[in-house]
$ cat start-v7.pdb   # PDB, C-alpha atoms and all ligand atoms
MODEL        1
ATOM      1  CA  MET A   1      -5.902 -16.634  25.038
ATOM      2  CA  VAL A   2      -3.710 -15.925  22.047
ATOM      3  CA  SER A   3      -5.523 -15.465  18.756
ATOM      4  CA  ARG A   4      -3.327 -17.042  16.136
ATOM      5  CA  ILE A   5      -2.279 -15.476  12.873
ATOM      6  CA  ASN A   6      -1.563 -17.951  10.150
ATOM      7  CA  ARG A   7      -0.079 -15.613   7.651
ATOM      8  CA  SER A   8       1.174 -12.112   7.253
ATOM      9  CA  ALA A   9       1.776 -10.132   4.059
ATOM     10  CA  ILE A  10       4.340  -7.401   3.555
ATOM     11  CA  ILE A  11       3.563  -5.275   0.513
ATOM     12  CA  TYR A  12       5.942  -2.517  -0.492
ATOM     13  CA  VAL A  13       7.257  -0.167  -3.152
ATOM     14  CA  SER A  14      10.899   0.861  -3.278
ATOM     15  CA  TYR A  15      13.050   2.637  -5.870
ATOM     16  CA  SER A  16      16.463   2.671  -4.267
ATOM     17  CA  GLY A  17      16.113  -0.195  -1.794
ATOM     18  CA  ASN A  18      15.533   1.506   1.578
ATOM     19  CA  THR A  19      11.895   0.492   2.002
ATOM     20  CA  GLU A  20      12.817  -2.915   0.644
ATOM     21  CA  GLU A  21      15.449  -3.257   3.380
ATOM     22  CA  MET A  22      12.844  -2.384   5.993
ATOM     23  CA  ALA A  23      10.549  -5.039   4.541
ATOM     24  CA  ALA A  24      13.342  -7.598   4.795
ATOM     25  CA  TYR A  25      13.924  -6.737   8.484
ATOM     26  CA  LEU A  26      10.215  -7.077   9.225
ATOM     27  CA  LYS A  27      10.015 -10.399   7.400
ATOM     28  CA  GLU A  28      12.981 -11.785   9.306
ATOM     29  CA  TYR A  29      11.524 -10.757  12.646
ATOM     30  CA  ILE A  30       7.999 -12.019  11.977
ATOM     31  CA  GLU A  31       9.234 -15.352  10.639
ATOM     32  CA  ASP A  32      11.370 -15.654  13.725
ATOM     33  CA  CYS A  33       8.133 -15.508  15.727
ATOM     34  CA  GLY A  34       6.882 -18.534  13.816
ATOM     35  CA  ILE A  35       4.481 -16.622  11.575
ATOM     36  CA  GLU A  36       4.480 -17.238   7.836
ATOM     37  CA  VAL A  37       5.226 -14.184   5.733
ATOM     38  CA  ASP A  38       4.674 -13.441   2.067
ATOM     39  CA  LEU A  39       6.651 -10.543   0.654
ATOM     40  CA  PHE A  40       5.268  -8.586  -2.311
ATOM     41  CA  ASP A  41       7.252  -5.964  -4.174
ATOM     42  CA  VAL A  42       4.585  -4.061  -6.124
ATOM     43  CA  THR A  43       6.956  -1.463  -7.571
ATOM     44  CA  ASN A  44       6.493  -2.920 -11.038
ATOM     45  CA  ARG A  45       2.683  -2.611 -10.727
ATOM     46  CA  LEU A  46       2.087  -6.146 -11.971
ATOM     47  CA  PHE A  47       0.451  -7.405  -8.814
ATOM     48  CA  SER A  48      -3.070  -7.750  -7.682
ATOM     49  CA  ILE A  49      -3.209  -9.638  -4.376
ATOM     50  CA  ASP A  50      -6.085 -11.386  -2.674
ATOM     51  CA  LEU A  51      -5.584 -10.349   0.937
ATOM     52  CA  THR A  52      -8.418 -12.349   2.454
ATOM     53  CA  ASN A  53      -6.017 -15.062   3.597
ATOM     54  CA  TYR A  54      -3.874 -12.697   5.649
ATOM     55  CA  ASP A  55      -4.632 -11.656   9.192
ATOM     56  CA  LEU A  56      -1.948  -9.012   9.345
ATOM     57  CA  VAL A  57      -0.853  -6.838   6.422
ATOM     58  CA  PHE A  58       2.099  -4.458   6.336
ATOM     59  CA  LEU A  59       2.124  -1.691   3.743
ATOM     60  CA  GLY A  60       5.478  -0.073   2.952
ATOM     61  CA  ALA A  61       6.222   3.016   0.864
ATOM     62  CA  PHE A  62       8.802   5.712   0.405
ATOM     63  CA  THR A  63       7.578   9.319   0.015
ATOM     64  CA  TRP A  64       7.837  11.136  -3.277
ATOM     65  CA  ASP A  65       6.938  14.340  -5.078
ATOM     66  CA  TYR A  66       6.401  16.833  -2.237
ATOM     67  CA  GLY A  67       4.991  14.381   0.260
ATOM     68  CA  SER A  68       3.040  12.106  -2.069
ATOM     69  CA  VAL A  69       2.333   8.395  -2.021
ATOM     70  CA  PRO A  70       4.296   6.868  -4.942
ATOM     71  CA  GLU A  71       2.046   6.325  -7.933
ATOM     72  CA  GLU A  72       3.072   2.664  -8.103
ATOM     73  CA  MET A  73       1.544   2.178  -4.651
ATOM     74  CA  GLU A  74      -1.561   4.169  -5.564
ATOM     75  CA  ASP A  75      -1.920   2.051  -8.668
ATOM     76  CA  PHE A  76      -1.668  -1.143  -6.643
ATOM     77  CA  LEU A  77      -4.120   0.141  -4.022
ATOM     78  CA  SER A  78      -6.658   1.121  -6.664
ATOM     79  CA  ARG A  79      -6.796  -2.535  -7.714
ATOM     80  CA  THR A  80      -6.800  -4.018  -4.215
ATOM     81  CA  ASN A  81      -9.427  -4.518  -1.547
ATOM     82  CA  LEU A  82      -7.648  -3.367   1.586
ATOM     83  CA  GLN A  83     -10.420  -4.266   3.995
ATOM     84  CA  VAL A  84      -7.932  -6.342   5.998
ATOM     85  CA  LYS A  85      -8.194  -7.221   9.659
ATOM     86  CA  GLU A  86      -5.022  -5.508  10.746
ATOM     87  CA  LEU A  87      -2.937  -3.018   8.757
ATOM     88  CA  ALA A  88       0.429  -1.570   9.774
ATOM     89  CA  ILE A  89       2.256   1.069   7.734
ATOM     90  CA  PHE A  90       5.985   1.657   7.363
ATOM     91  CA  GLY A  91       8.410   3.342   5.018
ATOM     92  CA  SER A  92      11.448   5.416   4.292
ATOM     93  CA  GLY A  93      11.859   9.114   3.605
ATOM     94  CA  ASP A  94      14.366  11.907   3.829
ATOM     95  CA  THR A  95      14.052  15.121   5.861
ATOM     96  CA  GLN A  96      16.093  16.948   3.216
ATOM     97  CA  PHE A  97      13.010  16.938   0.993
ATOM     98  CA  GLY A  98      10.892  19.590   2.694
ATOM     99  CA  GLY A  99      11.699  19.010   6.352
ATOM    100  CA  GLU A 100       9.316  17.640   8.984
ATOM    101  CA  ALA A 101       6.156  18.659   7.110
ATOM    102  CA  LEU A 102       6.912  16.415   4.142
ATOM    103  CA  TYR A 103       9.049  13.778   5.880
ATOM    104  CA  CYS A 104       7.456  10.376   5.203
ATOM    105  CA  ARG A 105       4.161  12.183   4.598
ATOM    106  CA  ALA A 106       2.979   9.337   2.344
ATOM    107  CA  LEU A 107       2.739   7.184   5.463
ATOM    108  CA  ASN A 108       0.533   9.715   7.256
ATOM    109  CA  ILE A 109      -1.733   9.818   4.197
ATOM    110  CA  LEU A 110      -2.036   6.021   4.128
ATOM    111  CA  LYS A 111      -2.666   5.803   7.870
ATOM    112  CA  GLU A 112      -5.437   8.367   7.698
ATOM    113  CA  ARG A 113      -6.992   6.777   4.623
ATOM    114  CA  TYR A 114      -7.052   3.225   5.931
ATOM    115  CA  GLY A 115      -7.284   3.887   9.656
ATOM    116  CA  SER A 116      -4.279   1.872  10.779
ATOM    117  CA  PRO A 117      -4.278   1.696  14.605
ATOM    118  CA  TRP A 118      -0.485   1.866  14.995
ATOM    119  CA  GLU A 119       1.858   4.794  14.662
ATOM    120  CA  VAL A 120       3.503   4.591  11.262
ATOM    121  CA  LEU A 121       7.139   3.488  11.232
ATOM    122  CA  LYS A 122       9.274   6.218   9.651
ATOM    123  CA  VAL A 123      12.915   5.654   8.804
ATOM    124  CA  GLU A 124      15.318   8.204   7.370
ATOM    125  CA  GLN A 125      16.758   6.561   4.256
ATOM    126  CA  SER A 126      18.286   3.173   5.105
ATOM    127  CA  PRO A 127      17.202   1.340   8.277
ATOM    128  CA  ARG A 128      20.727   0.011   8.739
ATOM    129  CA  GLY A 129      22.609   1.254  11.795
ATOM    130  CA  TYR A 130      21.127   3.465  14.497
ATOM    131  CA  GLN A 131      17.507   3.102  13.307
ATOM    132  CA  GLU A 132      17.587  -0.693  13.163
ATOM    133  CA  GLU A 133      16.498  -1.191  16.764
ATOM    134  CA  ARG A 134      13.494   1.076  16.246
ATOM    135  CA  VAL A 135      12.319  -1.125  13.356
ATOM    136  CA  TYR A 136      12.421  -4.214  15.573
ATOM    137  CA  GLU A 137      10.725  -2.423  18.488
ATOM    138  CA  TRP A 138       7.916  -1.296  16.209
ATOM    139  CA  VAL A 139       7.244  -4.682  14.630
ATOM    140  CA  ARG A 140       7.427  -6.292  18.048
ATOM    141  CA  GLU A 141       4.658  -4.005  19.331
ATOM    142  CA  VAL A 142       2.478  -4.658  16.266
ATOM    143  CA  VAL A 143       2.837  -8.434  16.528
ATOM    144  CA  LYS A 144       2.229  -8.315  20.285
ATOM    145  CA  ASP A 145      -0.946  -6.264  19.829
ATOM    146  CA  VAL A 146      -2.326  -8.528  17.139
ATOM    147  CA  TYR A 147      -1.578 -11.641  19.163
ATOM    148  CA  LYS A 148      -2.935 -10.023  22.316
ATOM    149  CA  VAL A 149       0.256 -10.916  24.126
ATOM    150  CA  GLU A 150       0.854  -9.147  27.413
ATOM    151  CA  LYS A 151       3.439  -6.419  26.946
ATOM    152  CA  SER A 152       5.632  -7.753  29.722
ATOM    153  CA  LYS A 153       5.775 -11.247  28.315
ATOM    154  CA  ASP A 154       8.498 -12.494  26.048
ATOM    155  CA  LEU A 155       6.988 -12.684  22.586
ATOM    156  CA  ARG A 156       8.492 -15.944  21.422
ATOM    157  CA  THR A 157       7.592 -17.698  24.680
ATOM    158  CA  ALA A 158       3.999 -16.472  24.492
ATOM    159  CA  LEU A 159       3.575 -17.511  20.879
ATOM    160  CA  SER A 160       4.841 -20.995  21.529
ATOM    161  CA  GLU A 161       2.491 -21.571  24.496
TER     162      GLU A 161
HETATM  163  C1  LIG B 201      12.477  13.357  -6.342
HETATM  164  C2  LIG B 201      12.414  12.899  -4.918
HETATM  165  C3  LIG B 201      11.436  13.409  -4.096
HETATM  166  C4  LIG B 201      11.373  13.014  -2.755
HETATM  167  N1  LIG B 201      10.414  13.564  -1.943
HETATM  168  C5  LIG B 201      10.375  13.210  -0.626
HETATM  169  C6  LIG B 201       9.406  13.777   0.256
HETATM  170  O1  LIG B 201       8.564  14.586  -0.110
HETATM  171  N2  LIG B 201       9.427  13.381   1.568
HETATM  172  C7  LIG B 201      10.337  12.474   2.055
HETATM  173  O2  LIG B 201      10.310  12.157   3.237
HETATM  174  N3  LIG B 201      11.278  11.937   1.225
HETATM  175  C8  LIG B 201      11.313  12.277  -0.088
HETATM  176  N4  LIG B 201      12.260  11.728  -0.913
HETATM  177  C9  LIG B 201      13.245  10.802  -0.337
HETATM  178  C10 LIG B 201      12.878   9.333  -0.497
HETATM  179  O3  LIG B 201      11.616   9.031   0.026
HETATM  180  C11 LIG B 201      13.956   8.526   0.240
HETATM  181  O4  LIG B 201      15.173   8.625  -0.490
HETATM  182  C12 LIG B 201      13.613   7.084   0.469
HETATM  183  O5  LIG B 201      14.597   6.525   1.301
HETATM  184  C13 LIG B 201      13.537   6.278  -0.815
HETATM  185  O6  LIG B 201      13.092   4.986  -0.504
HETATM  186  P1  LIG B 201      13.428   3.717  -1.411
HETATM  187  O7  LIG B 201      14.932   3.475  -1.304
HETATM  188  O8  LIG B 201      12.629   2.610  -0.813
HETATM  189  O9  LIG B 201      13.030   4.034  -2.817
HETATM  190  C14 LIG B 201      12.319  12.098  -2.253
HETATM  191  C15 LIG B 201      13.304  11.578  -3.102
HETATM  192  C16 LIG B 201      13.371  11.974  -4.412
HETATM  193  C17 LIG B 201      14.469  11.436  -5.284
ENDMDL
END

$ encode --input "start-v7.pdb" --output "structure tokens"
Amino acid sequence: MVSRINRSAIIYVSYSGNTEEMAAYLKEYIEDCGIEVDLFDVTNRLFSIDLTNYDLVFLGAFTWDYGSVPEEMEDFLSRTNLQVKELAIFGSGDTQFGGEALYCRALNILKERYGSPWEVLKVEQSPRGYQEERVYEWVREVVKDVYKVEKSKDLRTALSE
């Protein structure tokens, strides 16, 4: 029995476009599965979103300031009830800023804080090129888990059953 998701939200912050690109890849993939997606860029801090109508929420952030969550994301989160059913975390970073210890550390912080069940998706700068496939593999696993689709089954076939 597949439990249906009506809507998914992708919420992200991005200065130079890398996390935004990841969000666009995720949106494309999820929509391709027949799930509605709303995309929210909260970099300008103007948003407050009611998340009660979303079954699956993606939170995306780059890492800043020695491994910190960007203050724009913190600001958004301080005004948002994130008690959502399912939360998956993704974002972009750069190993040149402090090596492995600080690489995408903001995502580890968010995962620990909100208890996301999935490994966070870390991408070094832009997702374009060799990391692209990893983005799709990750979102595929998240969507499969949420829909309770058997791992061996083709996702699109299962969702259309
Ligand atoms: C001042 C500054 C500090 C940064 N600190 C970190 C860091 O601690 N860890 C990390 O992984 N990346 C760090 N980065 C790299 C960014 O997270 C990376 O460039 C990311 O791709 C930016 O995402 P965006 O294009 O969505 O803004 C830093 C970048 C700048 C400019």

$ resolve_selection --input "start-v7.pdb" --expression "the PyMOL selection byres (((not hetatm)) within 6 of (chain B and resi 201))" --output "list in words"
Ser14, Tyr15, Ser16, Gly17, Asn18, Thr19, Glu20, Phe62, Thr63, Trp64, Asp65, Tyr66, Gly67, Ser92, Gly93, Asp94, Thr95, Phe97, Leu102, Tyr103, Cys104 and Gln125 of chain A

$ write_last_selection --input "start-v7.pdb" --atoms "C-alpha atoms" --output "short mmCIF file (atom, residue, chain, number, x, y, z; two decimals), in the frame of the given file"
data_model
loop_
_atom_site.label_atom_id
_atom_site.label_comp_id
_atom_site.auth_asym_id
_atom_site.auth_seq_id
_atom_site.Cartn_x
_atom_site.Cartn_y
_atom_site.Cartn_z
CA SER A 14 10.90 0.86 -3.28
CA TYR A 15 13.05 2.64 -5.87
CA SER A 16 16.46 2.67 -4.27
CA GLY A 17 16.11 -0.20 -1.79
CA ASN A 18 15.53 1.51 1.58
CA THR A 19 11.90 0.49 2.00
CA GLU A 20 12.82 -2.92 0.64
CA PHE A 62 8.80 5.71 0.40
CA THR A 63 7.58 9.32 0.02
CA TRP A 64 7.84 11.14 -3.28
CA ASP A 65 6.94 14.34 -5.08
CA TYR A 66 6.40 16.83 -2.24
CA GLY A 67 4.99 14.38 0.26
CA SER A 92 11.45 5.42 4.29
CA GLY A 93 11.86 9.11 3.60
CA ASP A 94 14.37 11.91 3.83
CA THR A 95 14.05 15.12 5.86
CA PHE A 97 13.01 16.94 0.99
CA LEU A 102 6.91 16.42 4.14
CA TYR A 103 9.05 13.78 5.88
CA CYS A 104 7.46 10.38 5.20
CA GLN A 125 16.76 6.56 4.26
#

$ closest_residue --input "start-v7.pdb" --among "A:Ile109, A:Tyr130, A:Tyr54, A:Gly115" --to "Ser68 of chain A" --atoms "all atoms listed in the file"
A:Ile109

$ resolve_selection --input "start-v7.pdb" --expression "the PyMOL selection byres (((chain A and resi 76-78) around 10) and not hetatm)" --output "ChimeraX atom specification"
/A:11-13,42-49,71-75,79-82

$ residues_around --input "start-v7.pdb" --residues "Ala9 of chain A" --least-positions-apart "5" --cutoff "9 Å" --atoms "all atoms listed in the file" --output "list in words"
Lys27, Glu36, Val37, Asp38, Leu39, Phe40, Leu51, Tyr54, Asp55, Leu56, Val57, Phe58 and Leu59 of chain A

$ closest_atom_pairs --input "start-v7.pdb" --of "segment 1-112 of chain A" --to "segment 131-144 of chain A" --cutoff "10 Å" --atoms "only C-alpha atoms" --output "tab-separated table"
residue	atom	partner	partner_atom	distance
A:Val2	CA	A:Lys144	CA	9.8
A:Ile5	CA	A:Val143	CA	9.4
A:Met22	CA	A:Val135	CA	7.5
A:Ala23	CA	A:Val135	CA	9.8
A:Tyr25	CA	A:Val135	CA	7.6
A:Leu26	CA	A:Val139	CA	6.6
A:Lys27	CA	A:Val139	CA	9.6
A:Glu28	CA	A:Tyr136	CA	9.8
A:Tyr29	CA	A:Tyr136	CA	7.2
A:Ile30	CA	A:Val143	CA	7.8
A:Cys33	CA	A:Val143	CA	8.9
A:Ile35	CA	A:Val143	CA	9.7
A:Leu56	CA	A:Val143	CA	8.7
A:Phe58	CA	A:Val139	CA	9.8
A:Glu86	CA	A:Val142	CA	9.4
A:Leu87	CA	A:Val142	CA	9.4
A:Ala88	CA	A:Val142	CA	7.5
A:Phe90	CA	A:Val135	CA	9.2
